[in-house]
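Undergrad: File model-v1.txt follows (compact mmCIF, C-alpha atoms):
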```txt
# COMPACT_ATOMS: atom_id res chain seq x y z
CA MET A 1 13.74 -107.42 1.01
CA ARG A 2 16.59 -108.15 -1.33
CA MET A 3 19.15 -108.45 1.46
CA PRO A 4 17.59 -111.52 3.19
CA THR A 5 17.13 -113.22 -0.18
CA LEU A 6 20.74 -112.52 -1.12
CA GLY A 7 21.91 -113.75 2.29
CA ALA A 8 19.87 -116.93 1.96
CA ALA A 9 21.23 -117.54 -1.52
CA LEU A 10 24.79 -117.02 -0.28
CA VAL A 11 24.24 -119.46 2.61
CA MET A 12 22.81 -122.06 0.21
CA MET A 13 25.72 -121.69 -2.23
CA THR A 14 28.27 -121.91 0.56
CA SER A 15 26.56 -125.00 1.98
CA ALA A 16 26.46 -126.61 -1.45
CA ALA A 17 30.16 -125.86 -1.98
CA MET A 18 31.01 -127.33 1.41
CA MET A 19 28.95 -130.45 0.72
CA SER A 20 30.63 -130.82 -2.66
CA SER A 21 34.02 -130.62 -0.95
CA VAL A 22 33.00 -133.22 1.64
CA THR A 23 31.72 -135.49 -1.13
CA ALA A 24 34.99 -135.09 -3.01
CA ASP A 25 36.93 -135.88 0.19
CA ASP A 26 34.74 -138.96 0.74
CA ASP A 27 35.34 -140.06 -2.84
CA ASP A 28 39.10 -139.56 -2.39
CA ALA A 29 39.05 -141.57 0.84
CA LYS A 30 36.99 -144.35 -0.73
CA GLY A 31 39.28 -144.47 -3.75
CA ALA A 32 42.39 -144.55 -1.56
CA ARG A 33 40.88 -147.31 0.56
CA LYS A 34 39.97 -149.36 -2.49
CA LEU A 35 43.49 -149.03 -3.90
CA ALA A 36 45.04 -149.98 -0.55
CA GLN A 37 42.83 -153.06 -0.36
CA GLN A 38 43.75 -153.99 -3.93
CA GLY A 39 47.43 -153.51 -3.10
CA ARG A 40 47.06 -155.75 -0.06
CA ASP A 41 45.27 -158.42 -2.07
CA ASP A 42 47.86 -158.33 -4.87
CA TYR A 43 50.68 -158.67 -2.36
CA TRP A 44 48.98 -161.54 -0.54
CA HIS A 45 48.30 -163.38 -3.80
CA CYS A 46 51.95 -163.03 -4.76
CA LEU A 47 53.05 -164.30 -1.34
CA ALA A 48 50.65 -167.22 -1.72
CA ARG A 49 52.33 -168.13 -5.03
CA GLU A 50 55.70 -168.06 -3.25
CA TYR A 51 54.31 -170.20 -0.44
CA SER A 52 53.06 -172.88 -2.80
CA ARG A 53 56.27 -173.31 -4.82
CA ASP A 54 57.59 -176.87 -4.85
CA SER A 55 61.14 -175.60 -4.35
CA ASN A 56 60.22 -174.51 -0.81
CA GLN A 57 59.75 -178.08 0.42
CA GLY A 58 63.18 -178.51 1.97
CA MET A 59 63.64 -174.95 3.21
CA THR A 60 64.15 -174.05 6.82
CA GLU A 61 61.98 -171.37 8.41
CA GLN A 62 64.84 -168.87 8.17
CA ASP A 63 65.52 -169.63 4.51
CA PHE A 64 61.85 -169.35 3.64
CA GLY A 65 61.64 -166.08 5.60
CA ARG A 66 64.55 -164.64 3.63
CA SER A 67 62.97 -165.85 0.39
CA VAL A 68 59.63 -164.21 1.24
CA ALA A 69 61.32 -160.96 2.30
CA GLY A 70 62.84 -160.64 -1.16
CA ALA A 71 59.83 -161.88 -3.10
CA CYS A 72 57.18 -159.80 -4.84
CA PRO A 73 59.05 -156.47 -4.83
CA SER A 74 56.64 -154.58 -7.09
CA GLU A 75 53.55 -155.87 -5.28
CA ARG A 76 55.13 -155.08 -1.91
CA GLN A 77 55.98 -151.54 -2.97
CA TYR A 78 52.53 -150.97 -4.48
CA TYR A 79 50.91 -152.14 -1.25
CA ARG A 80 53.16 -149.89 0.82
CA VAL A 81 52.49 -146.83 -1.35
CA THR A 82 48.73 -147.31 -1.59
CA LEU A 83 48.45 -147.93 2.15
CA LEU A 84 50.54 -144.84 2.83
CA ASP A 85 48.26 -142.81 0.54
CA TYR A 86 45.16 -144.14 2.30
CA LEU A 87 46.54 -143.37 5.75
CA THR A 88 47.52 -139.86 4.65
CA THR A 89 44.04 -139.30 3.25
CA GLN A 90 42.32 -140.62 6.38
CA TYR A 91 44.63 -138.99 8.92
CA PRO A 92 46.18 -135.90 7.34
CA ASP A 93 47.25 -134.41 10.69
CA ILE A 94 49.45 -137.36 11.62
CA ASP A 95 53.13 -137.22 10.72
CA ALA A 96 54.01 -138.91 7.41
CA GLY A 97 56.76 -140.85 9.17
CA ALA A 98 54.18 -142.51 11.39
CA HIS A 99 52.15 -143.50 8.33
CA LEU A 100 55.25 -144.95 6.68
CA ALA A 101 56.06 -146.93 9.82
CA THR A 102 52.50 -148.30 9.85
CA ALA A 103 52.71 -149.28 6.18
CA ASN A 104 56.06 -150.99 6.78
CA ARG A 105 54.61 -152.91 9.73
CA ALA A 106 51.72 -154.06 7.54
CA VAL A 107 54.18 -155.45 4.97
CA GLU A 108 56.23 -157.12 7.71
CA SER A 109 53.07 -158.60 9.20
CA ALA A 110 52.07 -160.13 5.87
CA GLN A 111 55.52 -161.67 5.54
CA LYS A 112 55.43 -162.98 9.10
CA ASP A 113 51.97 -164.50 8.55
CA ILE A 114 53.06 -166.37 5.42
CA VAL A 115 56.18 -167.70 7.20
CA THR A 116 54.03 -168.81 10.14
CA ALA A 117 51.69 -170.65 7.77
CA PHE A 118 54.71 -172.27 6.10
CA VAL A 119 56.04 -173.54 9.41
CA LYS A 120 52.66 -174.81 10.62
CA HIS A 121 51.86 -176.68 7.41
CA ARG A 122 55.31 -178.08 6.70
CA PRO A 123 55.54 -181.85 6.87
CA PRO A 124 57.39 -183.07 9.97
CA ALA A 125 61.10 -183.74 9.66
CA LYS A 126 62.05 -187.39 9.38
```
Represent the structure of the file as structure tokens.
TA:
Amino acid sequence: MRMPTLGAALVMMTSAAMMSSVTADDDDAKGARKLAQQGRDDYWHCLAREYSRDSNQGMTEQDFGRSVAGACPSERQYYRVTLLDYLTTQYPDIDAGAHLATANRAVESAQKDIVTAFVKHRPPAK
């Protein structure tokens, strides 16, 4: 009689431990996602400040692109690192180099989007 009870107790403890691990993994993934989103938002807000500077008025698209590429270095790096952490948490079996390439493309995409907005909303040349 004791053996089935012991077996049942062992199964319950193992299941509880596995559920606790899954919950911890979910919490880690949610935390990593939240940080990546915050990193993205911080970087975008910084790029928006660059976009709205009065000194950009006479810049060409290329000059503004170079300016944006060098702007917000700490925000850009934070975004890259938090996105890399999120991708590693979500997809641990994928090569870290692929995650880094994805994070770099996300940063480049943000820069490209702000340059595109600059060009589209620039007053026409006289």
Undergrad: So which residues touch range 55-62 of chain A within 9 Å, counting only C-alpha atoms, skipping near sequence neighbours fewer than 3 positions away, as a list in words?
TA: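 Contacts, with the query itself left out: Glu50, Tyr51, Ser52, Gly65, Arg66, Ser67, Val115, Thr116, Phe118, Val119, Arg122 and Pro123 of chain A.
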Undergrad: Mind writing the picked residues with C-alpha atoms as a PDB file, in the coordinates of the input?
TA:
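Output below, filename selection-v3.pdb:
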```
ATOM      1  CA  GLU A  50      55.700-168.060  -3.250  1.00  0.00           C
ATOM      2  CA  TYR A  51      54.310-170.200  -0.440  1.00  0.00           C
ATOM      3  CA  SER A  52      53.060-172.880  -2.800  1.00  0.00           C
ATOM      4  CA  GLY A  65      61.640-166.080   5.600  1.00  0.00           C
ATOM      5  CA  ARG A  66      64.550-164.640   3.630  1.00  0.00           C
ATOM      6  CA  SER A  67      62.970-165.850   0.390  1.00  0.00           C
ATOM      7  CA  VAL A 115      56.180-167.700   7.200  1.00  0.00           C
ATOM      8  CA  THR A 116      54.030-168.810  10.140  1.00  0.00           C
ATOM      9  CA  PHE A 118      54.710-172.270   6.100  1.00  0.00           C
ATOM     10  CA  VAL A 119      56.040-173.540   9.410  1.00  0.00           C
ATOM     11  CA  ARG A 122      55.310-178.080   6.700  1.00  0.00           C
ATOM     12  CA  PRO A 123      55.540-181.850   6.870  1.00  0.00           C
TER      13      PRO A 123
END
```
Undergrad: Hey, what's within 12 Å of range 96-108 of chain A if we count all atoms listed in the file and toss same-chain stuff fewer than 3 positions away? As a compact mmCIF listing (two decimals) with C-alpha atoms, keeping the file's coordinate frame, please?
TA:
```
# COMPACT_ATOMS: atom_id res chain seq x y z
CA ALA A 36 45.04 -149.98 -0.55
CA GLN A 37 42.83 -153.06 -0.36
CA GLY A 39 47.43 -153.51 -3.10
CA ARG A 40 47.06 -155.75 -0.06
CA ASP A 41 45.27 -158.42 -2.07
CA TYR A 43 50.68 -158.67 -2.36
CA TRP A 44 48.98 -161.54 -0.54
CA LEU A 47 53.05 -164.30 -1.34
CA GLY A 65 61.64 -166.08 5.60
CA ARG A 66 64.55 -164.64 3.63
CA VAL A 68 59.63 -164.21 1.24
CA ALA A 69 61.32 -160.96 2.30
CA GLY A 70 62.84 -160.64 -1.16
CA ALA A 71 59.83 -161.88 -3.10
CA CYS A 72 57.18 -159.80 -4.84
CA PRO A 73 59.05 -156.47 -4.83
CA GLU A 75 53.55 -155.87 -5.28
CA ARG A 76 55.13 -155.08 -1.91
CA GLN A 77 55.98 -151.54 -2.97
CA TYR A 78 52.53 -150.97 -4.48
CA TYR A 79 50.91 -152.14 -1.25
CA ARG A 80 53.16 -149.89 0.82
CA VAL A 81 52.49 -146.83 -1.35
CA THR A 82 48.73 -147.31 -1.59
CA LEU A 83 48.45 -147.93 2.15
CA LEU A 84 50.54 -144.84 2.83
CA ASP A 85 48.26 -142.81 0.54
CA TYR A 86 45.16 -144.14 2.30
CA LEU A 87 46.54 -143.37 5.75
CA THR A 88 47.52 -139.86 4.65
CA THR A 89 44.04 -139.30 3.25
CA GLN A 90 42.32 -140.62 6.38
CA TYR A 91 44.63 -138.99 8.92
CA PRO A 92 46.18 -135.90 7.34
CA ASP A 93 47.25 -134.41 10.69
CA GLN A 111 55.52 -161.67 5.54
CA LYS A 112 55.43 -162.98 9.10
CA ASP A 113 51.97 -164.50 8.55
CA ILE A 114 53.06 -166.37 5.42
CA VAL A 115 56.18 -167.70 7.20
```
Undergrad: What is the CA of Asp42 in chain A-CA of Ser74 in chain A distance in Å, reported with one decimal?
TA: 9.8 Å
Undergrad: One decimal, in Å: what's the spacing between CA of Asp54 in chain A and CA of Ala117 in chain A?
TA: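 Separation between CA of Asp54 in chain A and CA of Ala117 in chain A: 15.3 Å.
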Undergrad: When you draw a straight line from CA of Ala110 in chain A to CA of Cys46 in chain A, how long is it in Å?
TA: 11.0 Å
Undergrad: Range 108-122 of chain A, all listed atoms, 6 Å padding on each side: what axis-aligned box centre and edge lengths in Å to one decimal come out, as lines of an AutoDock Vina configuration file?
TA:
```
center_x = 54.0
center_y = -167.6
center_z = 8.0
size_x = 16.5
size_y = 33.0
size_z = 17.2
```
